[in-house]
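The file protein_7.txt comes next; it holds compact mmCIF, C-alpha atoms.
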```txt
# COMPACT_ATOMS: atom_id res chain seq x y z
CA MET A 1 1.73 25.42 -69.31
CA LEU A 2 0.30 26.27 -66.01
CA ALA A 3 -1.85 23.14 -66.15
CA ASN A 4 1.21 20.97 -66.87
CA GLN A 5 3.07 22.52 -63.97
CA ARG A 6 0.19 21.61 -61.72
CA LEU A 7 -0.33 18.12 -63.13
CA LEU A 8 3.28 17.06 -63.30
CA PRO A 9 3.78 16.71 -59.54
CA LEU A 10 0.53 14.79 -59.30
CA GLY A 11 2.10 12.11 -61.45
CA PHE A 12 4.62 11.47 -58.71
CA VAL A 13 2.00 10.98 -56.01
CA PRO A 14 1.45 7.22 -56.51
CA LEU A 15 5.21 6.68 -56.60
CA LEU A 16 5.64 8.77 -53.47
CA ILE A 17 2.89 6.88 -51.64
CA GLY A 18 4.34 3.55 -52.72
CA SER A 19 7.76 4.55 -51.50
CA LEU A 20 6.42 5.66 -48.15
CA ILE A 21 4.51 2.41 -47.70
CA TRP A 22 7.62 0.38 -48.52
CA ILE A 23 9.73 2.41 -46.12
CA GLY A 24 7.10 2.15 -43.43
CA LEU A 25 6.71 -1.60 -43.74
CA SER A 26 10.45 -2.07 -43.82
CA ALA A 27 10.83 -0.04 -40.65
CA ARG A 28 8.31 -2.30 -38.92
CA GLY A 29 10.19 -5.38 -39.94
CA VAL A 30 7.41 -6.71 -42.08
CA GLU A 31 8.67 -9.16 -44.66
CA ILE A 32 8.74 -7.54 -48.10
CA ARG A 33 9.68 -9.39 -51.29
CA GLY A 34 11.40 -12.13 -49.38
CA THR A 35 13.34 -9.79 -47.02
CA LYS A 36 13.66 -11.36 -43.56
CA THR A 37 12.47 -9.53 -40.46
CA SER A 38 15.37 -7.54 -39.04
CA THR A 39 17.03 -8.51 -35.79
CA ALA A 40 16.18 -5.16 -34.23
CA ASP A 41 12.52 -5.53 -35.06
CA THR A 42 12.43 -9.06 -33.74
CA ARG A 43 13.91 -7.76 -30.52
CA ILE A 44 11.17 -5.15 -30.25
CA GLU A 45 8.49 -7.75 -30.89
CA ASP A 46 10.05 -9.97 -28.22
CA GLY A 47 10.18 -6.94 -25.94
CA LEU A 48 6.47 -6.38 -26.41
CA VAL A 49 5.78 -10.02 -25.59
CA ALA A 50 7.94 -9.65 -22.48
CA TRP A 51 6.05 -6.50 -21.54
CA GLU A 52 2.72 -8.31 -21.63
CA ARG A 53 4.17 -10.88 -19.21
CA ILE A 54 5.26 -8.05 -16.93
CA TYR A 55 1.82 -6.46 -17.22
CA SER A 56 0.19 -9.73 -16.16
CA VAL A 57 2.15 -9.52 -12.91
CA LEU A 58 1.62 -5.80 -12.32
CA THR A 59 -2.13 -6.23 -12.62
CA SER A 60 -2.32 -9.26 -10.33
CA PRO A 61 -3.96 -8.56 -6.96
CA ARG A 62 -0.71 -8.88 -4.99
CA CYS A 63 0.64 -5.89 -6.91
CA ILE A 64 -2.25 -3.78 -8.13
CA ASN A 65 -4.06 -3.67 -4.77
CA CYS A 66 -1.57 -1.01 -3.66
CA HIS A 67 -1.42 0.79 -7.03
CA THR A 68 -4.88 2.28 -6.82
CA ALA A 69 -6.13 5.55 -8.28
CA THR A 70 -8.41 6.19 -5.33
CA ASN A 71 -7.90 7.33 -1.77
CA HIS A 72 -7.76 3.83 -0.39
CA PRO A 73 -5.89 0.56 -0.82
CA GLN A 74 -7.55 -2.69 -1.78
CA GLN A 75 -7.23 -6.20 -0.42
CA GLY A 76 -8.01 -9.75 -1.45
CA ASP A 77 -8.13 -11.46 -4.81
CA ASP A 78 -11.43 -9.69 -5.49
CA ARG A 79 -9.62 -6.39 -4.86
CA HIS A 80 -12.23 -5.01 -2.53
CA ARG A 81 -11.72 -1.80 -0.58
CA HIS A 82 -9.46 -2.16 2.44
CA PHE A 83 -11.47 -2.50 5.63
CA ALA A 84 -11.42 -0.17 8.67
CA ASN A 85 -11.70 2.99 6.55
CA VAL A 86 -8.00 2.91 5.80
CA ILE A 87 -7.07 5.79 3.51
CA ARG A 88 -4.03 6.77 1.49
CA GLY A 89 -2.79 9.77 3.49
CA PRO A 90 -0.35 12.40 2.22
CA GLN A 91 2.63 10.04 1.96
CA GLY A 92 0.74 6.90 0.94
CA LYS A 93 1.27 5.50 4.43
CA GLY A 94 -2.13 6.16 5.95
CA VAL A 95 -2.84 8.89 8.49
CA PRO A 96 -1.83 9.39 12.14
CA GLY A 97 -3.67 6.83 14.22
CA LEU A 98 -4.48 4.74 11.17
CA SER A 99 -1.25 4.22 9.33
CA CYS A 100 -0.27 1.16 7.32
CA ILE A 101 2.12 0.09 10.05
CA SER A 102 -0.67 0.19 12.63
CA CYS A 103 -1.19 -3.40 11.51
CA HIS A 104 1.34 -4.29 8.80
CA GLN A 105 4.63 -5.14 10.46
CA SER A 106 8.03 -5.84 8.90
CA ALA A 107 7.06 -9.43 8.03
CA ASN A 108 3.95 -11.49 7.45
CA ALA A 109 2.00 -12.30 10.61
CA ASP A 110 0.63 -15.67 9.61
CA SER A 111 -0.91 -16.34 13.01
CA THR A 112 -3.17 -13.30 12.62
CA GLY A 113 -3.46 -13.26 8.83
CA VAL A 114 -1.95 -9.82 8.37
CA PRO A 115 0.58 -9.48 5.55
CA GLY A 116 3.72 -7.51 6.22
CA GLY A 117 6.95 -6.22 4.76
CA ARG A 118 9.41 -3.45 5.37
CA ASN A 119 8.01 0.05 4.78
CA TRP A 120 4.50 -1.08 3.90
CA HIS A 121 2.82 1.68 1.88
CA LEU A 122 0.77 2.54 -1.17
CA ALA A 123 2.40 3.32 -4.50
CA PRO A 124 2.21 7.02 -5.42
CA LEU A 125 -0.71 8.16 -7.55
CA SER A 126 1.69 8.71 -10.45
CA MET A 127 2.14 4.95 -10.45
CA ARG A 128 -1.58 4.13 -10.36
CA TRP A 129 -2.41 1.15 -12.51
CA GLN A 130 -6.17 1.44 -12.12
CA ASP A 131 -8.83 3.93 -13.02
CA GLN A 132 -11.20 5.61 -10.59
CA ASN A 133 -13.58 2.67 -10.97
CA ASP A 134 -10.91 0.26 -9.79
CA GLN A 135 -10.46 -1.25 -13.25
CA PRO A 136 -6.90 -2.01 -14.42
CA LEU A 137 -5.58 0.55 -16.89
CA PRO A 138 -4.77 -0.73 -20.38
CA SER A 139 -1.40 -2.30 -20.96
CA ALA A 140 -0.15 0.61 -23.07
CA VAL A 141 -1.06 3.17 -20.41
CA VAL A 142 0.66 1.27 -17.62
CA CYS A 143 3.70 0.77 -19.84
CA ARG A 144 3.99 4.46 -20.64
CA SER A 145 3.69 5.33 -16.95
CA LEU A 146 6.37 2.84 -16.03
CA ILE A 147 8.91 4.28 -18.47
CA ASP A 148 8.10 7.90 -17.63
CA ARG A 149 10.82 9.00 -15.24
CA ALA A 150 8.67 11.93 -14.17
CA LYS A 151 6.18 9.39 -12.84
CA ASN A 152 8.26 6.40 -11.81
CA GLY A 153 10.51 8.08 -9.29
CA GLY A 154 13.26 8.84 -11.79
CA LEU A 155 14.10 5.21 -12.52
CA ASP A 156 15.88 4.34 -15.75
CA GLY A 157 15.82 0.83 -17.19
CA GLN A 158 18.53 -0.58 -14.98
CA ALA A 159 16.98 0.97 -11.89
CA LEU A 160 13.62 -0.50 -12.85
CA LEU A 161 15.24 -3.90 -13.20
CA LYS A 162 16.84 -3.52 -9.78
CA HIS A 163 13.46 -2.45 -8.37
CA HIS A 164 11.86 -5.61 -9.71
CA GLU A 165 14.74 -7.75 -8.51
CA GLU A 166 15.25 -6.40 -5.00
CA GLU A 167 12.52 -4.07 -3.70
CA PRO A 168 11.15 -5.76 -0.56
CA LEU A 169 7.52 -5.00 -1.34
CA VAL A 170 7.96 -6.38 -4.87
CA LEU A 171 9.51 -9.53 -3.43
CA TRP A 172 6.65 -9.75 -0.95
CA ALA A 173 4.28 -10.57 -3.82
CA TRP A 174 5.97 -13.98 -4.07
CA ASN A 175 5.92 -14.49 -0.32
CA PRO A 176 2.52 -13.04 0.61
CA GLY A 177 1.87 -15.21 3.64
CA ARG A 178 -1.32 -16.78 4.87
CA ARG A 179 -4.84 -15.49 5.14
CA LEU A 180 -6.64 -15.51 8.46
CA ASP A 181 -8.14 -18.92 7.57
CA GLY A 182 -4.66 -20.36 7.18
CA THR A 183 -4.69 -20.69 3.39
CA MET A 184 -1.91 -19.21 1.31
CA ARG A 185 -2.53 -16.00 -0.59
CA THR A 186 -2.41 -16.45 -4.33
CA LEU A 187 0.78 -15.60 -6.20
CA PRO A 188 1.35 -13.53 -9.35
CA PRO A 189 1.06 -15.48 -12.61
CA LEU A 190 4.85 -15.67 -13.16
CA THR A 191 7.61 -16.80 -10.85
CA HIS A 192 9.83 -14.01 -9.60
CA ASP A 193 12.70 -15.34 -11.74
CA ASP A 194 10.50 -15.25 -14.84
CA PHE A 195 9.29 -11.77 -13.92
CA VAL A 196 12.85 -10.50 -13.65
CA ALA A 197 13.82 -12.27 -16.89
CA ALA A 198 10.87 -10.66 -18.68
CA THR A 199 11.84 -7.28 -17.28
CA ARG A 200 15.43 -7.73 -18.47
CA GLN A 201 14.26 -8.77 -21.93
CA TRP A 202 11.89 -5.80 -22.15
CA ILE A 203 14.61 -3.37 -21.07
CA ASN A 204 17.14 -4.83 -23.49
CA ALA A 205 14.58 -4.36 -26.25
CA GLY A 206 14.42 -0.66 -25.43
CA MET A 207 11.36 -0.82 -23.17
CA PRO A 208 8.82 -0.81 -26.03
CA CYS A 209 5.20 -0.07 -25.21
CA PRO A 210 2.16 -1.28 -27.10
CA ARG A 211 0.12 1.32 -28.96
CA MET B 212 7.55 -21.01 23.77
CA ALA B 213 10.14 -18.27 23.79
CA THR B 214 11.27 -15.56 26.16
CA TYR B 215 10.73 -11.93 25.24
CA GLN B 216 11.99 -8.78 26.93
CA LEU B 217 9.51 -5.94 26.67
CA THR B 218 9.36 -2.31 27.71
CA VAL B 219 5.78 -1.49 28.67
CA ASN B 220 4.97 1.98 29.95
CA GLY B 221 8.64 2.47 30.69
CA GLN B 222 8.96 -0.69 32.74
CA HIS B 223 10.89 -3.79 31.83
CA LYS B 224 8.85 -6.95 31.49
CA GLN B 225 9.75 -10.52 30.61
CA VAL B 226 7.29 -13.02 29.22
CA ASP B 227 7.48 -16.63 28.08
CA VAL B 228 4.96 -17.14 25.33
CA ASP B 229 4.51 -18.72 21.93
CA PRO B 230 6.06 -16.44 19.25
CA SER B 231 2.73 -16.22 17.45
CA THR B 232 0.91 -14.77 20.47
CA PRO B 233 -0.61 -11.37 19.69
CA LEU B 234 0.58 -8.47 21.80
CA LEU B 235 -2.97 -7.96 23.09
CA TRP B 236 -2.97 -11.34 24.80
CA VAL B 237 0.50 -10.82 26.21
CA LEU B 238 -0.75 -7.61 27.80
CA ARG B 239 -4.01 -8.99 29.06
CA GLU B 240 -3.17 -12.59 29.96
CA GLU B 241 0.53 -12.50 30.82
CA LEU B 242 0.91 -9.01 32.25
CA LYS B 243 -2.66 -8.67 33.55
CA MET B 244 -2.99 -5.23 31.99
CA THR B 245 -6.63 -5.37 31.04
CA GLY B 246 -7.17 -1.73 30.12
CA THR B 247 -6.51 -2.64 26.50
CA LYS B 248 -9.65 -4.31 25.18
CA TYR B 249 -10.40 -7.21 22.90
CA GLY B 250 -13.03 -6.19 20.36
CA CYS B 251 -12.93 -7.93 17.01
CA GLY B 252 -9.57 -9.68 17.08
CA ILE B 253 -8.94 -8.89 13.41
CA SER B 254 -7.88 -5.21 13.57
CA VAL B 255 -11.21 -3.89 12.36
CA CYS B 256 -12.52 -2.06 15.43
CA GLY B 257 -9.53 -0.39 17.13
CA ALA B 258 -10.45 -1.32 20.70
CA CYS B 259 -7.04 -2.94 21.18
CA THR B 260 -4.99 0.10 20.12
CA VAL B 261 -1.71 0.69 21.94
CA HIS B 262 1.38 2.64 20.95
CA VAL B 263 4.39 0.74 19.67
CA ASP B 264 7.38 3.02 19.29
CA GLY B 265 4.92 5.91 19.20
CA VAL B 266 2.75 4.42 16.45
CA ALA B 267 -0.89 3.62 17.17
CA THR B 268 -0.93 -0.13 16.69
CA ARG B 269 -3.68 -2.75 16.67
CA SER B 270 -2.31 -5.11 19.26
CA CYS B 271 -4.68 -7.95 18.41
CA VAL B 272 -2.89 -8.68 15.12
CA VAL B 273 0.75 -8.08 16.01
CA PRO B 274 2.55 -11.26 17.08
CA ILE B 275 4.99 -10.75 19.91
CA SER B 276 7.77 -12.10 17.67
CA LEU B 277 7.54 -9.04 15.39
CA LEU B 278 7.86 -6.42 18.13
CA SER B 279 11.64 -6.61 18.65
CA ASP B 280 12.70 -4.03 21.23
CA ARG B 281 10.21 -1.29 20.39
CA PRO B 282 8.70 0.35 23.49
CA ILE B 283 5.01 -0.13 24.20
CA VAL B 284 2.63 2.34 25.82
CA THR B 285 -0.85 1.29 26.88
CA ILE B 286 -3.87 3.07 28.29
CA GLU B 287 -2.47 2.40 31.76
CA GLY B 288 0.57 4.54 30.94
CA ILE B 289 -0.70 7.19 28.57
CA GLY B 290 -1.66 9.54 31.43
CA SER B 291 2.04 10.03 32.13
CA ASP B 292 2.44 11.57 28.70
CA PRO B 293 1.66 15.33 28.48
CA VAL B 294 -0.57 14.90 25.43
CA GLY B 295 -2.14 11.80 26.91
CA ARG B 296 -2.95 13.67 30.12
CA VAL B 297 -4.67 16.46 28.20
CA VAL B 298 -6.66 13.99 26.11
CA GLN B 299 -7.83 12.08 29.18
CA ASP B 300 -8.85 15.36 30.85
CA SER B 301 -10.79 16.32 27.75
CA TRP B 302 -12.52 12.96 27.71
CA VAL B 303 -13.72 13.61 31.24
CA ASP B 304 -14.62 17.23 30.52
CA LYS B 305 -16.74 16.28 27.52
CA ASP B 306 -18.18 13.23 29.27
CA VAL B 307 -17.37 11.19 26.19
CA VAL B 308 -17.79 7.71 27.57
CA GLN B 309 -21.02 5.75 27.47
CA CYS B 310 -20.37 2.02 27.97
CA GLY B 311 -16.66 2.69 27.71
CA TYR B 312 -15.51 -0.53 26.13
CA CYS B 313 -13.92 1.07 23.07
CA GLN B 314 -12.63 4.15 24.83
CA SER B 315 -9.13 3.04 25.71
CA GLY B 316 -8.54 2.44 22.01
CA GLN B 317 -10.20 5.73 21.13
CA ILE B 318 -7.96 7.64 23.55
CA MET B 319 -4.78 5.92 22.36
CA ASN B 320 -5.68 6.75 18.77
CA ALA B 321 -6.57 10.35 19.61
CA VAL B 322 -3.22 10.82 21.33
CA ALA B 323 -1.41 9.48 18.27
CA LEU B 324 -3.36 11.89 16.09
CA LEU B 325 -2.64 14.93 18.25
CA LYS B 326 1.05 14.11 18.57
CA ALA B 327 1.36 14.06 14.78
CA ASN B 328 -1.13 16.83 14.10
CA PRO B 329 -1.82 19.12 17.07
CA LYS B 330 -4.39 21.15 15.13
CA PRO B 331 -6.52 18.62 13.31
CA THR B 332 -9.49 19.68 11.19
CA ASN B 333 -12.78 17.82 11.31
CA VAL B 334 -11.67 15.90 8.23
CA ASP B 335 -8.35 15.01 9.86
CA ILE B 336 -10.22 13.72 12.92
CA GLU B 337 -12.65 11.70 10.84
CA GLU B 338 -9.86 10.16 8.77
CA SER B 339 -7.69 9.27 11.74
CA MET B 340 -10.49 8.09 14.02
CA GLY B 341 -12.62 6.50 11.31
CA GLY B 342 -11.25 3.04 12.02
CA ASN B 343 -12.16 3.11 15.72
CA LEU B 344 -15.69 1.85 16.17
CA CYS B 345 -18.04 2.78 19.01
CA ARG B 346 -21.30 0.88 19.31
CA CYS B 347 -22.66 3.58 21.61
CA ALA B 348 -21.97 6.07 18.81
CA THR B 349 -20.13 8.60 20.94
CA TYR B 350 -18.42 9.93 17.83
CA VAL B 351 -19.62 13.52 18.21
CA ARG B 352 -18.31 13.75 21.76
CA ILE B 353 -15.05 12.09 20.73
CA ARG B 354 -14.56 14.81 18.14
CA GLU B 355 -15.41 17.52 20.65
CA ALA B 356 -12.93 16.10 23.14
CA ILE B 357 -10.17 15.96 20.53
CA LYS B 358 -10.87 19.57 19.61
CA ARG B 359 -10.81 20.61 23.25
CA ALA B 360 -7.52 18.78 23.74
CA SER B 361 -6.14 20.48 20.65
CA GLN B 362 -7.00 23.87 22.14
CA GLN B 363 -5.48 22.90 25.49
CA LEU B 364 -2.26 21.94 23.73
CA LYS B 365 -1.71 25.47 22.36
```

Please rewrite the model in this file as structure tokens.
Amino acid sequence: MLANQRLLPLGFVPLLIGSLIWIGLSARGVEIRGTKTSTADTRIEDGLVAWERIYSVLTSPRCINCHTATNHPQQGDDRHRHFANVIRGPQGKGVPGLSCISCHQSANADSTGVPGGRNWHLAPLSMRWQDQNDQPLPSAVVCRSLIDRAKNGGLDGQALLKHHEEEPLVLWAWNPGRRLDGTMRTLPPLTHDDFVAATRQWINAGMPCPR
Amino acid sequence: MATYQLTVNGQHKQVDVDPSTPLLWVLREELKMTGTKYGCGISVCGACTVHVDGVATRSCVVPISLLSDRPIVTIEGIGSDPVGRVVQDSWVDKDVVQCGYCQSGQIMNAVALLKANPKPTNVDIEESMGGNLCRCATYVRIREAIKRASQQLK
């Protein structure tokens, strides 16, 4: 009797496991017995694709050079340490006597090769997209930081979209001016329109992040 | 060429120059104010430092077209400023200068530091002055002079 009471529930284990697998696969939109992928799941998958496009921009030198984890900004396509011992400072704007705006004016200075834009500054450490060795953080980590309102300055999806659409220093990435040798700085891998479209698609998909 | 109205050390100036001309060359070539020095020309050394609207600025990389109406103070005018006067006195007291070429930039930067932070620590001084190079290596005396000025400003 006691043995039967113990064994009986064990008989349900395979059924239980099978049910959980079916539910799990269904929730992920995986096709089961001819069932089509759900619209919601397709949207999430599309959102993840859009996110990877966003990530490709965020980790391009024009963006990530000022999203460091260290005490200094970077410069150039090789993302080397900013010259002249420039450091972050308490507000991300350098220090007295050696602030960002000691050189970076409100617009690009093509004749002297110094990039510029309004309120030139480093991103806060909470929005670092690199590790201490100056390597880009994984896509999932950057994504989770970007959607964390405790880290991103309290921005919800729509505010993030507006940030990507209108923030002057974001826009600067697509108008980065000329280097001292007169050549144009390289641009992010997407156009700004495509970047905004990817952001909108990602937000509409619920801002999914890769695992 | 374009005409620009400037305020330099409290005085009105008018210059006709190409919009891409760096402020340094406007000061030195147009206004004959040669106290501000040309060092590297690419904002690495700090010899060309002036104040633009109170901000220590590397004049060799700032085109005149991006200045708008912000007031400019140079080494020729910084002695009229109370903090500037104390810093210059400290430079003399500590006999900071060796060849002197970088010192106008050093003084302008030190004044900017002390205006923002009247009681800087050694780290504060190193961080703020770290971008001003001195081939004579007068760094120790520069730090001593800044500390003296800080005490004088009590």

(request) Quick one: pull the distance between CA of Thr260 (chain B) and CA of Lys365 (chain B), Å, one decimal. (result)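 Interatomic distance, CA of Thr260 (chain B) to CA of Lys365 (chain B): 25.7 Å.
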
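Distances to Leu180 (chain A) were evaluated for A:Pro73, A:Gly206, A:Gly113, A:Pro168 using all atoms listed in the file, and the minimum falls at A:Gly113.
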
(message) Calculated over only C-alpha atoms, which of the candidates B:Arg354, B:Arg296, B:His262, B:Lys224 has the smallest distance to Ile283 (chain B)?
(response)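 The closest residue to Ile283 (chain B) is B:His262.
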
(message) Should the cut-off be 8 Å, what would the residue list for chain A against chain B look like, counting only C-alpha atoms, as a VMD selection string?
(response) chain A and resid 83 to 87 95 to 99 101 to 103 105 to 107 109 111 to 114

Written selection (C-alpha atoms) as a short mmCIF file (atom, residue, chain, number, x, y, z; two decimals), in the frame of the given file:
```cif
data_model
loop_
_atom_site.label_atom_id
_atom_site.label_comp_id
_atom_site.auth_asym_id
_atom_site.auth_seq_id
_atom_site.Cartn_x
_atom_site.Cartn_y
_atom_site.Cartn_z
CA PHE A 83 -11.47 -2.50 5.63
CA ALA A 84 -11.42 -0.17 8.67
CA ASN A 85 -11.70 2.99 6.55
CA VAL A 86 -8.00 2.91 5.80
CA ILE A 87 -7.07 5.79 3.51
CA VAL A 95 -2.84 8.89 8.49
CA PRO A 96 -1.83 9.39 12.14
CA GLY A 97 -3.67 6.83 14.22
CA LEU A 98 -4.48 4.74 11.17
CA SER A 99 -1.25 4.22 9.33
CA ILE A 101 2.12 0.09 10.05
CA SER A 102 -0.67 0.19 12.63
CA CYS A 103 -1.19 -3.40 11.51
CA GLN A 105 4.63 -5.14 10.46
CA SER A 106 8.03 -5.84 8.90
CA ALA A 107 7.06 -9.43 8.03
CA ALA A 109 2.00 -12.30 10.61
CA SER A 111 -0.91 -16.34 13.01
CA THR A 112 -3.17 -13.30 12.62
CA GLY A 113 -3.46 -13.26 8.83
CA VAL A 114 -1.95 -9.82 8.37
#
```

(message) I'd like the interatomic distance between CA of Pro138 (chain A) and CA of Asp193 (chain A), to a tenth of an Å.
(response)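 Between these atoms lies a distance of 24.4 Å.
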
(message) Considering all atoms listed in the file, can you say which of A:Thr183, A:Thr59, A:Asn119, A:Gln158 comes closest to Trp202 (chain A)?
(response)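 Smallest separation from Trp202 (chain A) among the options: A:Gln158.
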
(message) Rounded to one decimal, what separation in Å do you get between CA of Ala50 (chain A) and CA of Asn65 (chain A)?
(response)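 Straight-line distance from CA of Ala50 (chain A) to CA of Asn65 (chain A) works out to 22.2 Å.
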
(message) I need the residue nearest Lys358 (chain B) from this list: B:Cys259, B:Val298, B:Val308, B:Leu235. Use all atoms listed in the file for the distance.
(response)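 Between B:Cys259, B:Val298, B:Val308, B:Leu235, the residue approaching Lys358 (chain B) most closely is B:Val298.
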
(request) Kindly indicate which residue among B:Ile353, B:Met244, B:Ile318, B:Val226 lies nearest to Val297 (chain B), using all atoms listed in the file for the distances. (result)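 Ranking B:Ile353, B:Met244, B:Ile318, B:Val226 by distance to Val297 (chain B), first place goes to B:Ile318.
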
(request) Write out as a count of residues only the residues lying within 9 Å of region 143-154 of chain A, counting only C-alpha atoms and excluding same-chain residues fewer than 4 positions away. (result) 16

(request) May I have the residues within 10 Å of Arg346 (chain B) as a list in words, using only C-alpha atoms and disregarding those fewer than 4 positions away in the same chain? (result)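 Counting only the stated atoms, we get Gln309, Cys310, Gly311, Tyr312, Cys313 and Tyr350 of chain B.
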
(message) Using all atoms listed in the file - which residues lie no farther than 12 Å from the point (16.3, -7.0, -13.3) in the file's frame? Write them as a list in words.
(response)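 So the residues meeting the distance criterion are Ile54, Asp156, Gly157, Gln158, Ala159, Leu160, Leu161, Lys162, His163, His164, Glu165, Glu166, Glu167, Val170, His192, Asp193, Asp194, Phe195, Val196, Ala197, Ala198, Thr199, Arg200, Gln201, Trp202, Ile203 and Asn204 of chain A.
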
(request) Choose the residue, out of B:Val228, B:Glu287, B:Glu355, B:Ala213, that has the smallest atom-to-atom separation from Thr245 (chain B); count all atoms listed in the file. (result) B:Glu287
